[in-house]
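**Q** Next comes the structure file entry28.cif, holding mmCIF, C-alpha atoms.
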```
data_run
#
loop_
_atom_site.label_atom_id
_atom_site.label_comp_id
_atom_site.auth_asym_id
_atom_site.auth_seq_id
_atom_site.Cartn_x
_atom_site.Cartn_y
_atom_site.Cartn_z
CA MET A 1 0.00 0.00 0.00
CA THR A 2 1.57 3.24 -1.08
CA ARG A 3 1.38 6.33 1.06
CA LYS A 4 -1.16 7.85 -1.31
CA THR A 5 -3.49 4.86 -1.04
CA ARG A 6 -3.14 4.88 2.73
CA ARG A 7 -4.03 8.57 2.86
CA LEU A 8 -6.99 7.97 0.54
CA TRP A 9 -8.34 5.21 2.81
CA LEU A 10 -7.78 7.40 5.83
CA VAL A 11 -9.86 10.16 4.26
CA ILE A 12 -12.61 7.69 3.22
CA ILE A 13 -12.79 6.15 6.72
CA CYS A 14 -12.86 9.58 8.38
CA VAL A 15 -15.67 10.74 6.11
CA ALA A 16 -17.64 7.53 6.74
CA CYS A 17 -17.26 7.87 10.52
CA PHE A 18 -18.13 11.54 10.48
CA GLY A 19 -21.13 10.91 8.22
CA THR A 20 -22.40 8.14 10.50
CA ALA A 21 -22.03 10.36 13.54
CA ALA A 22 -23.95 13.15 11.83
CA ALA A 23 -26.68 10.77 10.66
CA LEU A 24 -27.14 9.31 14.16
CA MET A 25 -27.27 12.80 15.64
CA LEU A 26 -29.85 13.99 13.13
CA ARG A 27 -31.95 10.85 13.78
CA ALA A 28 -31.84 11.45 17.50
CA PHE A 29 -32.91 15.06 17.13
CA SER A 30 -35.34 14.53 14.25
CA SER A 31 -38.35 15.41 16.39
CA ASP A 32 -36.73 18.78 17.08
CA ILE A 33 -35.63 19.33 13.50
CA VAL A 34 -39.13 19.07 12.05
CA PHE A 35 -40.46 22.56 11.65
CA PHE A 36 -44.08 21.82 12.51
CA VAL A 37 -46.42 19.12 13.82
CA THR A 38 -49.54 18.06 11.93
CA PRO A 39 -53.07 18.36 13.37
CA SER A 40 -53.33 14.58 13.85
CA GLN A 41 -50.03 14.49 15.74
CA LEU A 42 -51.26 17.39 17.88
CA THR A 43 -54.60 15.79 18.73
CA GLN A 44 -53.08 12.37 19.43
CA ASN A 45 -50.38 13.61 21.78
CA ALA A 46 -51.99 16.11 24.14
CA GLN A 47 -49.57 18.98 24.71
CA PRO A 48 -49.31 20.94 27.95
CA ALA A 49 -51.33 24.13 27.65
CA ASP A 50 -48.39 26.49 27.99
CA ARG A 51 -46.11 24.67 25.53
CA THR A 52 -45.54 26.60 22.29
CA VAL A 53 -45.86 24.40 19.21
CA LYS A 54 -45.84 25.00 15.47
CA LEU A 55 -48.91 23.59 13.80
CA GLY A 56 -48.72 23.01 10.06
CA GLY A 57 -51.38 22.00 7.58
CA MET A 58 -53.78 23.12 4.88
CA VAL A 59 -56.45 25.76 5.54
CA VAL A 60 -59.83 24.06 5.16
CA ALA A 61 -62.09 25.51 2.45
CA ASN A 62 -64.95 27.68 3.74
CA SER A 63 -63.58 27.64 7.28
CA VAL A 64 -62.04 31.11 7.35
CA LYS A 65 -63.89 33.72 9.38
CA ARG A 66 -62.48 37.23 9.55
CA GLU A 67 -63.64 39.89 11.99
CA LYS A 68 -62.34 43.19 13.27
CA HIS A 69 -62.02 43.97 16.94
CA GLY A 70 -61.30 47.69 16.89
CA ASP A 71 -58.20 48.06 14.74
CA THR A 72 -56.85 44.52 15.00
CA PRO A 73 -58.17 41.90 12.59
CA VAL A 74 -59.22 38.68 14.25
CA SER A 75 -59.49 35.49 12.26
CA SER A 76 -60.46 31.90 12.83
CA PHE A 77 -59.82 28.98 10.50
CA GLU A 78 -59.36 25.25 10.49
CA VAL A 79 -56.05 23.54 9.63
CA THR A 80 -56.04 19.95 8.39
CA ASP A 81 -53.62 17.26 7.29
CA GLY A 82 -56.39 15.22 5.69
CA GLN A 83 -56.98 13.12 8.80
CA SER A 84 -57.99 15.55 11.48
CA ALA A 85 -58.55 19.28 11.72
CA VAL A 86 -57.76 21.84 14.42
CA THR A 87 -59.43 25.23 14.79
CA VAL A 88 -56.96 28.10 14.96
CA ASN A 89 -57.72 31.54 16.37
CA TYR A 90 -55.38 34.34 15.45
CA GLU A 91 -55.26 38.02 16.26
CA GLY A 92 -53.21 40.01 13.76
CA VAL A 93 -52.54 40.53 10.09
CA LEU A 94 -52.37 37.32 8.04
CA PRO A 95 -49.57 36.99 5.43
CA ASP A 96 -50.42 37.83 1.80
CA LEU A 97 -50.21 34.21 0.70
CA PHE A 98 -52.81 33.11 3.24
CA ARG A 99 -55.92 31.66 1.61
CA GLU A 100 -58.16 28.62 1.78
CA GLY A 101 -56.33 25.56 0.46
CA GLN A 102 -52.92 27.09 1.27
CA SER A 103 -50.50 25.38 3.63
CA VAL A 104 -49.79 27.46 6.72
CA VAL A 105 -47.76 27.14 9.89
CA ALA A 106 -49.36 28.59 13.03
CA ILE A 107 -47.17 29.20 16.08
CA GLY A 108 -48.98 29.10 19.43
CA SER A 109 -50.52 26.71 21.94
CA MET A 110 -53.67 24.66 22.54
CA LYS A 111 -56.29 26.10 24.89
CA ASN A 112 -59.55 24.17 25.44
CA GLY A 113 -59.26 22.35 22.14
CA ILE A 114 -58.61 25.53 20.17
CA PHE A 115 -55.19 26.52 18.90
CA ILE A 116 -54.40 30.11 19.90
CA ALA A 117 -51.80 31.36 17.42
CA SER A 118 -49.42 34.22 18.11
CA GLU A 119 -48.00 34.10 14.58
CA VAL A 120 -49.16 32.65 11.27
CA LEU A 121 -46.70 31.88 8.44
CA ALA A 122 -47.81 30.94 4.93
CA LYS A 123 -46.01 28.00 3.33
CA HIS A 124 -45.46 28.15 -0.39
CA ASP A 125 -45.49 24.88 -2.34
CA GLU A 126 -43.17 23.96 -5.19
CA THR A 127 -45.51 25.01 -8.01
CA TYR A 128 -44.77 28.12 -9.99
CA MET A 129 -47.42 29.09 -12.51
CA PRO A 130 -48.36 32.26 -14.35
CA LYS A 131 -51.69 33.97 -13.58
CA GLU A 132 -53.15 32.96 -16.97
CA VAL A 133 -52.48 29.27 -16.38
CA ALA A 134 -54.05 29.45 -12.93
CA GLU A 135 -57.10 31.23 -14.38
CA ALA A 136 -57.41 28.66 -17.17
CA LEU A 137 -57.16 25.77 -14.73
CA LYS A 138 -59.75 27.32 -12.46
CA LYS A 139 -62.13 28.17 -15.30
CA SER A 140 -61.85 24.70 -16.81
CA GLY A 141 -62.84 23.16 -13.50
CA LYS A 142 -59.64 21.13 -13.40
CA TRP A 143 -58.51 22.78 -10.21
CA ASP A 144 -60.03 24.59 -7.28
CA PRO A 145 -57.21 26.19 -5.26
CA ARG A 146 -59.35 25.91 -2.13
CA PHE A 147 -59.02 22.12 -2.15
CA GLY A 148 -55.30 21.68 -2.56
CA PRO A 149 -52.39 21.72 -4.98
CA PRO A 150 -52.85 22.05 -8.78
CA PRO A 151 -52.72 19.13 -11.23
CA ASP A 152 -49.50 17.87 -12.79
CA ALA A 153 -47.48 20.67 -14.38
CA ALA A 154 -46.92 18.63 -17.54
CA SER A 155 -50.58 19.23 -18.44
CA TRP A 156 -50.54 23.05 -18.05
CA ASN A 157 -48.91 24.16 -21.25
CA SER A 158 -50.91 22.01 -23.62
CA MET A 159 -54.19 22.56 -21.86
CA THR A 160 -56.97 24.76 -23.13
CA VAL A 161 -60.38 25.36 -21.65
CA LYS A 162 -61.90 23.23 -24.40
CA ASP A 163 -59.65 20.24 -23.62
CA ALA A 164 -60.40 20.58 -19.97
CA LYS A 165 -64.16 20.49 -20.49
CA LYS A 166 -63.83 17.26 -22.47
CA SER A 167 -61.97 15.47 -19.73
CA LEU A 168 -63.53 17.11 -16.71
CA LEU A 169 -62.08 15.66 -13.55
CA PRO A 170 -64.41 15.06 -10.60
CA PRO A 171 -63.75 17.78 -8.01
CA PRO A 172 -61.47 16.51 -5.25
CA ALA A 173 -63.25 15.46 -2.08
CA PRO A 174 -63.27 18.23 0.53
CA ALA A 175 -60.86 17.62 3.36
CA ALA A 176 -62.04 16.22 6.70
CA GLN A 177 -64.05 18.71 8.68
CA MET B 1 7.87 26.56 -1.68
CA PHE B 2 5.32 26.14 -4.47
CA LEU B 3 7.77 25.26 -7.20
CA HIS B 4 9.62 22.97 -4.87
CA SER B 5 6.50 20.95 -4.08
CA VAL B 6 5.61 20.75 -7.77
CA CYS B 7 8.97 19.22 -8.62
CA GLU B 8 8.62 16.79 -5.77
CA THR B 9 5.21 15.53 -6.87
CA ASN B 10 6.17 15.25 -10.52
CA LYS B 11 9.21 13.09 -9.93
CA PRO B 12 7.73 9.66 -9.18
CA LEU B 13 5.27 9.89 -12.10
CA SER B 14 7.72 9.06 -14.86
CA ALA B 15 8.97 6.04 -12.94
CA SER B 16 5.84 3.91 -12.56
CA HIS B 17 2.94 3.15 -14.93
CA SER B 18 0.27 1.51 -12.76
CA SER B 19 -3.38 2.60 -13.06
CA ALA B 20 -3.12 4.49 -9.78
CA SER B 21 -0.23 6.50 -11.10
CA ARG B 22 -2.07 7.14 -14.34
CA LEU B 23 -4.92 8.62 -12.28
CA SER B 24 -2.53 10.77 -10.34
CA SER B 25 -0.65 11.70 -13.50
CA PHE B 26 -3.96 13.02 -14.81
CA PHE B 27 -4.37 15.05 -11.63
CA HIS B 28 -0.80 16.24 -11.77
CA ARG B 29 -0.65 17.08 -15.42
CA TYR B 30 -1.78 20.65 -14.60
CA ALA B 31 0.19 20.86 -11.38
CA ASN B 32 2.89 22.31 -13.60
CA PRO B 33 2.15 26.02 -13.17
CA GLY B 34 3.32 26.94 -16.65
CA ARG B 35 1.03 24.40 -18.30
CA PHE B 36 -1.88 25.45 -16.09
CA LEU B 37 -1.37 29.13 -16.90
CA ARG B 38 -1.31 28.41 -20.64
CA LEU B 39 -4.51 26.36 -20.42
CA GLY B 40 -6.16 28.92 -18.14
CA LYS B 41 -5.40 31.75 -20.53
CA VAL B 42 -7.14 29.90 -23.35
CA LEU B 43 -10.07 28.83 -21.19
CA GLN B 44 -10.75 32.18 -19.52
CA PRO B 45 -12.58 34.03 -22.35
CA TRP B 46 -14.62 30.89 -23.12
CA LEU B 47 -15.95 31.02 -19.57
CA THR B 48 -16.22 34.76 -19.01
CA TRP B 49 -18.10 35.92 -22.10
CA PRO B 50 -20.74 33.14 -22.22
CA ALA B 51 -21.21 33.69 -18.47
CA ILE B 52 -21.93 37.41 -18.95
CA ALA B 53 -24.16 36.83 -22.00
CA LEU B 54 -26.20 34.00 -20.45
CA THR B 55 -26.59 35.66 -17.05
CA LEU B 56 -27.73 38.93 -18.61
CA THR B 57 -30.17 37.17 -20.96
CA GLY B 58 -31.55 34.97 -18.18
CA LEU B 59 -31.93 37.78 -15.68
CA ILE B 60 -33.43 40.31 -18.10
CA TRP B 61 -35.85 37.64 -19.34
CA GLY B 62 -36.69 36.58 -15.80
CA LEU B 63 -36.92 40.00 -14.22
CA PHE B 64 -38.80 41.83 -16.98
CA PHE B 65 -40.42 39.47 -19.49
CA SER B 66 -41.37 36.27 -17.69
CA PRO B 67 -44.90 36.11 -16.27
CA ALA B 68 -45.71 36.91 -12.65
CA ASP B 69 -46.76 33.99 -10.47
CA TRP B 70 -50.47 33.61 -9.83
CA GLN B 71 -50.10 34.05 -6.06
CA GLN B 72 -46.55 35.30 -5.45
CA GLY B 73 -46.95 38.10 -8.01
CA ASP B 74 -43.70 39.81 -8.97
CA SER B 75 -41.88 38.45 -5.90
CA VAL B 76 -41.41 35.22 -7.85
CA ARG B 77 -38.66 37.01 -9.82
CA ILE B 78 -36.33 36.72 -6.82
CA MET B 79 -36.18 33.03 -7.74
CA TYR B 80 -34.11 33.76 -10.87
CA ILE B 81 -31.25 34.84 -8.59
CA HIS B 82 -31.99 32.78 -5.50
CA VAL B 83 -32.12 29.31 -7.09
CA PRO B 84 -28.84 29.58 -9.09
CA THR B 85 -26.99 31.01 -6.07
CA ALA B 86 -28.40 28.24 -3.85
CA ILE B 87 -27.27 25.53 -6.25
CA LEU B 88 -23.84 27.13 -6.65
CA ALA B 89 -23.42 27.49 -2.89
CA SER B 90 -23.61 23.70 -2.64
CA ALA B 91 -21.76 22.96 -5.88
CA GLY B 92 -18.96 25.37 -4.89
CA TYR B 93 -18.60 23.60 -1.59
CA ALA B 94 -18.50 20.23 -3.34
CA ALA B 95 -15.65 21.59 -5.49
CA LEU B 96 -13.92 22.81 -2.34
CA ALA B 97 -14.23 19.37 -0.74
CA LEU B 98 -12.91 17.72 -3.93
CA CYS B 99 -9.89 20.05 -3.97
CA SER B 100 -9.32 19.20 -0.32
CA VAL B 101 -9.27 15.45 -1.07
CA LEU B 102 -6.80 16.09 -3.92
CA SER B 103 -4.72 18.11 -1.53
CA LEU B 104 -4.73 15.65 1.37
CA VAL B 105 -4.35 12.43 -0.62
CA TRP B 106 -2.41 13.42 -3.72
CA ARG B 107 -0.70 16.50 -2.25
CA HIS B 108 -1.70 18.41 -5.37
CA PRO B 109 -0.26 21.93 -5.06
CA LEU B 110 -2.81 23.50 -7.40
CA ALA B 111 -5.68 22.00 -5.37
CA ASP B 112 -4.50 23.92 -2.32
CA LEU B 113 -4.47 27.19 -4.24
CA ALA B 114 -7.87 26.38 -5.79
CA ALA B 115 -9.38 25.66 -2.36
CA ALA B 116 -8.09 28.99 -1.10
CA GLU B 117 -9.68 30.77 -4.09
CA ILE B 118 -13.03 28.93 -4.12
CA GLY B 119 -13.70 29.77 -0.46
CA PRO B 120 -14.38 33.52 -0.71
CA VAL B 121 -16.39 33.20 -3.95
CA GLY B 122 -18.52 30.44 -2.43
CA ALA B 123 -19.07 32.45 0.75
CA CYS B 124 -20.25 35.46 -1.28
CA ILE B 125 -22.68 33.39 -3.31
CA THR B 126 -24.02 31.67 -0.17
CA ALA B 127 -24.53 35.08 1.41
CA LEU B 128 -26.39 36.19 -1.73
CA CYS B 129 -28.55 33.05 -1.53
CA LEU B 130 -29.41 33.72 2.13
CA ALA B 131 -30.11 37.40 1.48
CA THR B 132 -32.39 36.84 -1.52
CA GLY B 133 -34.18 34.04 0.33
CA SER B 134 -34.79 36.34 3.24
CA LEU B 135 -36.11 39.10 0.96
CA TRP B 136 -38.54 36.56 -0.53
CA GLY B 137 -39.49 35.08 2.84
CA LYS B 138 -40.75 38.31 4.36
CA PRO B 139 -43.53 39.05 1.85
CA MET B 140 -44.38 35.37 1.14
CA TRP B 141 -44.07 33.51 4.45
CA GLY B 142 -44.39 36.55 6.69
CA ALA B 143 -40.95 36.06 8.25
CA TRP B 144 -37.41 37.12 7.31
CA TRP B 145 -35.96 34.00 8.85
CA VAL B 146 -37.19 30.73 10.34
CA TRP B 147 -35.10 27.96 11.90
CA ASP B 148 -36.22 25.16 9.62
CA ALA B 149 -33.89 22.41 8.41
CA ARG B 150 -33.18 23.90 4.95
CA LEU B 151 -32.43 27.43 6.10
CA THR B 152 -30.37 26.30 9.08
CA SER B 153 -28.26 23.85 7.05
CA VAL B 154 -27.49 26.56 4.46
CA LEU B 155 -26.53 28.95 7.25
CA ILE B 156 -24.16 26.24 8.55
CA LEU B 157 -22.71 25.99 5.02
CA PHE B 158 -22.06 29.74 5.09
CA PHE B 159 -20.21 29.40 8.39
CA LEU B 160 -18.22 26.44 7.01
CA TYR B 161 -17.09 28.68 4.14
CA LEU B 162 -16.13 31.44 6.60
CA GLY B 163 -14.26 28.93 8.77
CA HIS B 164 -12.38 27.61 5.74
CA ILE B 165 -11.44 31.12 4.58
CA THR B 166 -10.04 31.91 8.04
CA LEU B 167 -8.32 28.58 8.68
CA ILE B 168 -6.48 28.38 5.35
CA ARG B 169 -4.84 31.74 6.08
CA ALA B 170 -4.38 31.26 9.82
CA PHE B 171 -0.93 29.63 9.88
CA ASP B 172 2.49 31.12 9.26
CA ASP B 173 3.40 27.84 7.60
CA GLN B 174 1.17 27.87 4.51
CA GLN B 175 1.21 24.07 4.17
CA ARG B 176 -0.23 23.58 7.66
CA GLY B 177 -3.03 25.97 6.81
CA TYR B 178 -3.80 23.97 3.67
CA ARG B 179 -3.93 20.69 5.64
CA ALA B 180 -6.14 22.06 8.42
CA ALA B 181 -8.54 23.79 6.02
CA ALA B 182 -8.76 20.67 3.85
CA ILE B 183 -9.79 18.56 6.86
CA LEU B 184 -12.45 21.15 7.75
CA ALA B 185 -13.75 21.23 4.16
CA ILE B 186 -14.02 17.42 3.94
CA ALA B 187 -15.74 17.11 7.31
CA GLY B 188 -18.14 19.92 6.36
CA ALA B 189 -19.15 18.08 3.18
CA VAL B 190 -21.53 16.09 5.41
CA ASP B 191 -23.71 19.21 5.32
CA LEU B 192 -24.27 18.92 1.55
CA PRO B 193 -26.65 15.90 1.56
CA ILE B 194 -28.38 17.42 4.58
CA ILE B 195 -29.06 20.60 2.59
CA LYS B 196 -30.24 18.65 -0.45
CA PHE B 197 -32.57 16.27 1.37
CA SER B 198 -33.64 18.51 4.26
CA VAL B 199 -36.92 19.31 2.50
CA GLN B 200 -37.69 15.60 2.09
CA TRP B 201 -36.46 14.15 5.39
CA TRP B 202 -38.20 16.66 7.66
CA ASN B 203 -41.13 18.95 7.16
CA THR B 204 -39.85 22.43 6.58
CA LEU B 205 -41.29 25.84 5.80
CA HIS B 206 -39.07 25.95 2.72
CA GLN B 207 -40.75 24.38 -0.32
CA PRO B 208 -39.40 21.12 -1.83
CA ASP B 209 -37.46 21.21 -5.12
CA SER B 210 -39.50 22.16 -8.18
CA ILE B 211 -36.98 20.65 -10.59
CA THR B 212 -36.06 17.03 -9.90
CA LEU B 213 -34.48 14.25 -11.91
CA THR B 214 -37.35 11.85 -11.29
CA SER B 215 -40.43 13.85 -12.27
CA ALA B 216 -41.59 16.70 -14.49
CA PRO B 217 -40.80 20.17 -13.11
CA THR B 218 -43.69 21.77 -11.23
CA MET B 219 -42.93 25.04 -12.90
CA SER B 220 -44.38 26.64 -15.97
CA GLY B 221 -42.12 26.53 -19.03
CA SER B 222 -42.26 30.32 -19.34
CA MET B 223 -40.44 30.53 -15.99
CA LEU B 224 -38.24 27.48 -16.47
CA TRP B 225 -36.35 28.82 -19.50
CA PRO B 226 -35.09 32.09 -18.00
CA LEU B 227 -34.22 30.16 -14.82
CA ALA B 228 -32.21 27.61 -16.80
CA LEU B 229 -30.34 30.39 -18.64
CA SER B 230 -29.46 32.33 -15.50
CA MET B 231 -28.49 29.09 -13.77
CA LEU B 232 -26.08 28.21 -16.58
CA GLY B 233 -24.77 31.78 -16.77
CA ILE B 234 -24.15 32.16 -13.05
CA SER B 235 -22.48 28.73 -12.93
CA LEU B 236 -20.10 29.71 -15.72
CA GLY B 237 -19.56 33.03 -13.96
CA PHE B 238 -18.59 31.21 -10.77
CA ALA B 239 -16.12 29.09 -12.72
CA ALA B 240 -14.75 32.17 -14.52
CA ILE B 241 -14.18 34.09 -11.29
CA VAL B 242 -12.50 31.11 -9.61
CA LEU B 243 -10.29 30.53 -12.65
CA ALA B 244 -9.26 34.18 -12.81
CA ARG B 245 -8.43 34.18 -9.10
CA LEU B 246 -6.54 30.91 -9.41
CA ARG B 247 -4.46 32.20 -12.33
CA ALA B 248 -3.60 35.31 -10.35
CA SER B 249 -2.68 33.21 -7.36
CA VAL B 250 -0.43 30.90 -9.40
CA MET B 251 1.31 33.91 -10.93
CA GLU B 252 1.69 35.41 -7.47
CA SER B 253 3.37 32.31 -6.08
CA ARG B 254 5.62 32.17 -9.15
CA ILE B 255 6.72 35.74 -8.61
CA ARG B 256 7.21 35.08 -4.92
CA SER B 257 9.53 32.15 -5.55
CA LEU B 258 11.39 34.05 -8.27
CA LEU B 259 11.94 36.94 -5.86
CA SER B 260 13.09 34.67 -3.06
CA ASN B 261 15.44 32.83 -5.44
CA GLN B 262 16.85 36.15 -6.57
CA ARG B 263 17.29 37.28 -2.99
CA ARG B 264 19.08 34.08 -2.13
CA HIS B 265 21.24 34.47 -5.21
CA ASN B 266 22.12 38.05 -4.34
CA GLY B 267 22.86 37.00 -0.78
CA ASP B 268 25.27 34.36 -2.05
CA LEU B 269 27.12 36.89 -4.20
CA SER B 270 27.70 39.46 -1.45
#
```
As structure tokens - that is how I would like this structure written.
**A**
Amino acid sequence: MTRKTRRLWLVIICVACFGTAAALMLRAFSSDIVFFVTPSQLTQNAQPADRTVKLGGMVVANSVKREKHGDTPVSSFEVTDGQSAVTVNYEGVLPDLFREGQSVVAIGSMKNGIFIASEVLAKHDETYMPKEVAEALKKSGKWDPRFGPPPDAASWNSMTVKDAKKSLLPPPAPAAQ
Amino acid sequence: MFLHSVCETNKPLSASHSSASRLSSFFHRYANPGRFLRLGKVLQPWLTWPAIALTLTGLIWGLFFSPADWQQGDSVRIMYIHVPTAILASAGYAALALCSVLSLVWRHPLADLAAAEIGPVGACITALCLATGSLWGKPMWGAWWVWDARLTSVLILFFLYLGHITLIRAFDDQQRGYRAAAILAIAGAVDLPIIKFSVQWWNTLHQPDSITLTSAPTMSGSMLWPLALSMLGISLGFAAIVLARLRASVMESRIRSLLSNQRRHNGDLS
């Protein structure tokens, strides 16, 4: 074994050991690395009332109620992961991207079965589409943004309203209430 | 110092002809500073001008002529800078780690110089990635910064770059600096898969990749083309800047050794 080969093996072994150590550490801390918990995780494991958690999920269609108490807007909406839903109350201005069917992350704590949020963040998904495409998809009935993410991007460019009417998809089932 | 180490590494190559030595003779072919400078001089314009042309085309297309996103509006245009810088932050670090392996295992003198030159460029581009991401995050998410797995692992990458820049220049004995920085760079490479897969392994606020090898991109073609152009342009630009810095650094070490030889020569005469 030449010195070069020995050094190469040394580097490979060091990288393997270091990688294993990092992987074990990340596994051990994975519950802290996740940015948010889902509504079903939150309802299954009852959290202490004063513990701040981040709740992530999709805003349920037709669940958003907005009011105004004096100058501060007050809103209430349900967040779901498809299995269970949690009602969130929030006092403050919602981010621009907030809408029904959008994924959001609410930071706060559970009080009497209702999630009191101190901050609401909107999560953007990985789709990027021009306004015209979104309008066409909505008009054709292929997609209702209130019920979740849009159809496969491969179909956008070739799709016209006429095509869409021919192969009208059944509207997705509304998420669990 | 530099010339001395080049001579040393070139010597055993002519003696043996095993496959291992053929591999290292490939690596060492351009360890000869003269040969590297000649190749670099030819290569430089072929990197620089396409980089400028493609980046300008991609960015002008993306910033002014591509459509606005249906819900992000014009903020989507930040993507045309953010995504290329994010990819290059990781790719630059991968190049840094590769140079470090070449330096530690094969004692390649040019790899040491390249590692020293990639560091600052990579740090700048990582900073640009973090800054543009933050500018996008405020209007879209409602926060400048969140401690999710993707953002945190990229911030760690930025600090790895800063650590490498400092460490490689921290020793009076240049060779010790190269060794120490190379070990840091190789150890830090563990962060690269974490960055890449953070959005799949854990739930994050950052969105998953829109462009993957396994499925069709979830991005409209009218946005994909300018993004591809600016990605290619900025990548070539990164390579062009690193090459220019590396050529300057090779010339600098040549001049240094010439001067020290001359000084020694003059000292001998007096």
**Q** Pick out the chain A residues within 7 Å of chain B. Count all atoms listed in the file. Give them as an mmCIF file with C-alpha atoms, in the coordinates of the input.
**A**
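Output file result.cif follows:
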```cif
data_model
loop_
_atom_site.group_PDB
_atom_site.id
_atom_site.type_symbol
_atom_site.label_atom_id
_atom_site.label_comp_id
_atom_site.auth_asym_id
_atom_site.auth_seq_id
_atom_site.Cartn_x
_atom_site.Cartn_y
_atom_site.Cartn_z
ATOM 1 C CA LYS A 4 -1.160 7.850 -1.310
ATOM 2 C CA ARG A 7 -4.030 8.570 2.860
ATOM 3 C CA LEU A 8 -6.990 7.970 0.540
ATOM 4 C CA VAL A 15 -15.670 10.740 6.110
ATOM 5 C CA PHE A 18 -18.130 11.540 10.480
ATOM 6 C CA GLY A 19 -21.130 10.910 8.220
ATOM 7 C CA ILE A 33 -35.630 19.330 13.500
ATOM 8 C CA VAL A 34 -39.130 19.070 12.050
ATOM 9 C CA PHE A 35 -40.460 22.560 11.650
ATOM 10 C CA PHE A 36 -44.080 21.820 12.510
ATOM 11 C CA PRO A 95 -49.570 36.990 5.430
ATOM 12 C CA ASP A 96 -50.420 37.830 1.800
ATOM 13 C CA LEU A 97 -50.210 34.210 0.700
ATOM 14 C CA LEU A 121 -46.700 31.880 8.440
ATOM 15 C CA ALA A 122 -47.810 30.940 4.930
ATOM 16 C CA LYS A 123 -46.010 28.000 3.330
ATOM 17 C CA HIS A 124 -45.460 28.150 -0.390
ATOM 18 C CA ASP A 125 -45.490 24.880 -2.340
ATOM 19 C CA GLU A 126 -43.170 23.960 -5.190
ATOM 20 C CA THR A 127 -45.510 25.010 -8.010
ATOM 21 C CA TYR A 128 -44.770 28.120 -9.990
ATOM 22 C CA MET A 129 -47.420 29.090 -12.510
ATOM 23 C CA PRO A 130 -48.360 32.260 -14.350
ATOM 24 C CA LYS A 131 -51.690 33.970 -13.580
ATOM 25 C CA ALA A 134 -54.050 29.450 -12.930
ATOM 26 C CA ALA A 153 -47.480 20.670 -14.380
ATOM 27 C CA ALA A 154 -46.920 18.630 -17.540
#
```
**Q** Between atom CA of A:Asp152 and atom CA of B:Gln200, measure the distance and give it in Å to one decimal.
**A** 19.1 Å
**Q** So, counting only C-alpha atoms, which residue among A:Val74, A:Val133, A:Ala28, A:Ile116 is closest to A:Val88?
**A**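 When distances to A:Val88 are compared using only C-alpha atoms, the smallest one comes from A:Ile116.
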**Q** Got a sec: who's within 10 Å of stretch 37-39 of chain B, counting only C-alpha atoms, leaving out chain neighbours fewer than 6 positions off, as an MDAnalysis selection string?
**A** chainID B and resid 30 243 246:248 250:251
**Q** For the residues in that selection, give me C-alpha atoms as a CSV table (one decimal), in the frame of the given file.
**A**
```csv
chain,number,residue,atom,x,y,z
B,30,TYR,CA,-1.8,20.6,-14.6
B,243,LEU,CA,-10.3,30.5,-12.6
B,246,LEU,CA,-6.5,30.9,-9.4
B,247,ARG,CA,-4.5,32.2,-12.3
B,248,ALA,CA,-3.6,35.3,-10.4
B,250,VAL,CA,-0.4,30.9,-9.4
B,251,MET,CA,1.3,33.9,-10.9
```
**Q** Could you jot down the atom CA of A:Ser84 to atom CA of A:Pro151 separation for me, Å, one decimal place?
**A**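 Atom-to-atom, atom CA of A:Ser84 and atom CA of A:Pro151 are spaced 23.6 Å apart.
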**Q** The PyMOL selection byres ((chain B and resi 82-84) around 12) on the file shown: which residues, as a short mmCIF file (atom, residue, chain, number, x, y, z; two decimals) with C-alpha atoms, keeping the file's coordinate frame?
**A**
```cif
data_model
loop_
_atom_site.label_atom_id
_atom_site.label_comp_id
_atom_site.auth_asym_id
_atom_site.auth_seq_id
_atom_site.Cartn_x
_atom_site.Cartn_y
_atom_site.Cartn_z
CA THR B 55 -26.59 35.66 -17.05
CA GLY B 58 -31.55 34.97 -18.18
CA LEU B 59 -31.93 37.78 -15.68
CA GLY B 62 -36.69 36.58 -15.80
CA SER B 75 -41.88 38.45 -5.90
CA VAL B 76 -41.41 35.22 -7.85
CA ARG B 77 -38.66 37.01 -9.82
CA ILE B 78 -36.33 36.72 -6.82
CA MET B 79 -36.18 33.03 -7.74
CA TYR B 80 -34.11 33.76 -10.87
CA ILE B 81 -31.25 34.84 -8.59
CA THR B 85 -26.99 31.01 -6.07
CA ALA B 86 -28.40 28.24 -3.85
CA ILE B 87 -27.27 25.53 -6.25
CA LEU B 88 -23.84 27.13 -6.65
CA ALA B 89 -23.42 27.49 -2.89
CA SER B 90 -23.61 23.70 -2.64
CA ALA B 91 -21.76 22.96 -5.88
CA GLY B 92 -18.96 25.37 -4.89
CA ILE B 125 -22.68 33.39 -3.31
CA THR B 126 -24.02 31.67 -0.17
CA ALA B 127 -24.53 35.08 1.41
CA LEU B 128 -26.39 36.19 -1.73
CA CYS B 129 -28.55 33.05 -1.53
CA LEU B 130 -29.41 33.72 2.13
CA ALA B 131 -30.11 37.40 1.48
CA THR B 132 -32.39 36.84 -1.52
CA GLY B 133 -34.18 34.04 0.33
CA SER B 134 -34.79 36.34 3.24
CA LEU B 135 -36.11 39.10 0.96
CA TRP B 136 -38.54 36.56 -0.53
CA GLY B 137 -39.49 35.08 2.84
CA ASP B 209 -37.46 21.21 -5.12
CA SER B 210 -39.50 22.16 -8.18
CA ILE B 211 -36.98 20.65 -10.59
CA LEU B 224 -38.24 27.48 -16.47
CA PRO B 226 -35.09 32.09 -18.00
CA LEU B 227 -34.22 30.16 -14.82
CA ALA B 228 -32.21 27.61 -16.80
CA LEU B 229 -30.34 30.39 -18.64
CA SER B 230 -29.46 32.33 -15.50
CA MET B 231 -28.49 29.09 -13.77
CA LEU B 232 -26.08 28.21 -16.58
CA GLY B 233 -24.77 31.78 -16.77
CA ILE B 234 -24.15 32.16 -13.05
CA SER B 235 -22.48 28.73 -12.93
CA LEU B 236 -20.10 29.71 -15.72
CA GLY B 237 -19.56 33.03 -13.96
CA PHE B 238 -18.59 31.21 -10.77
#
```
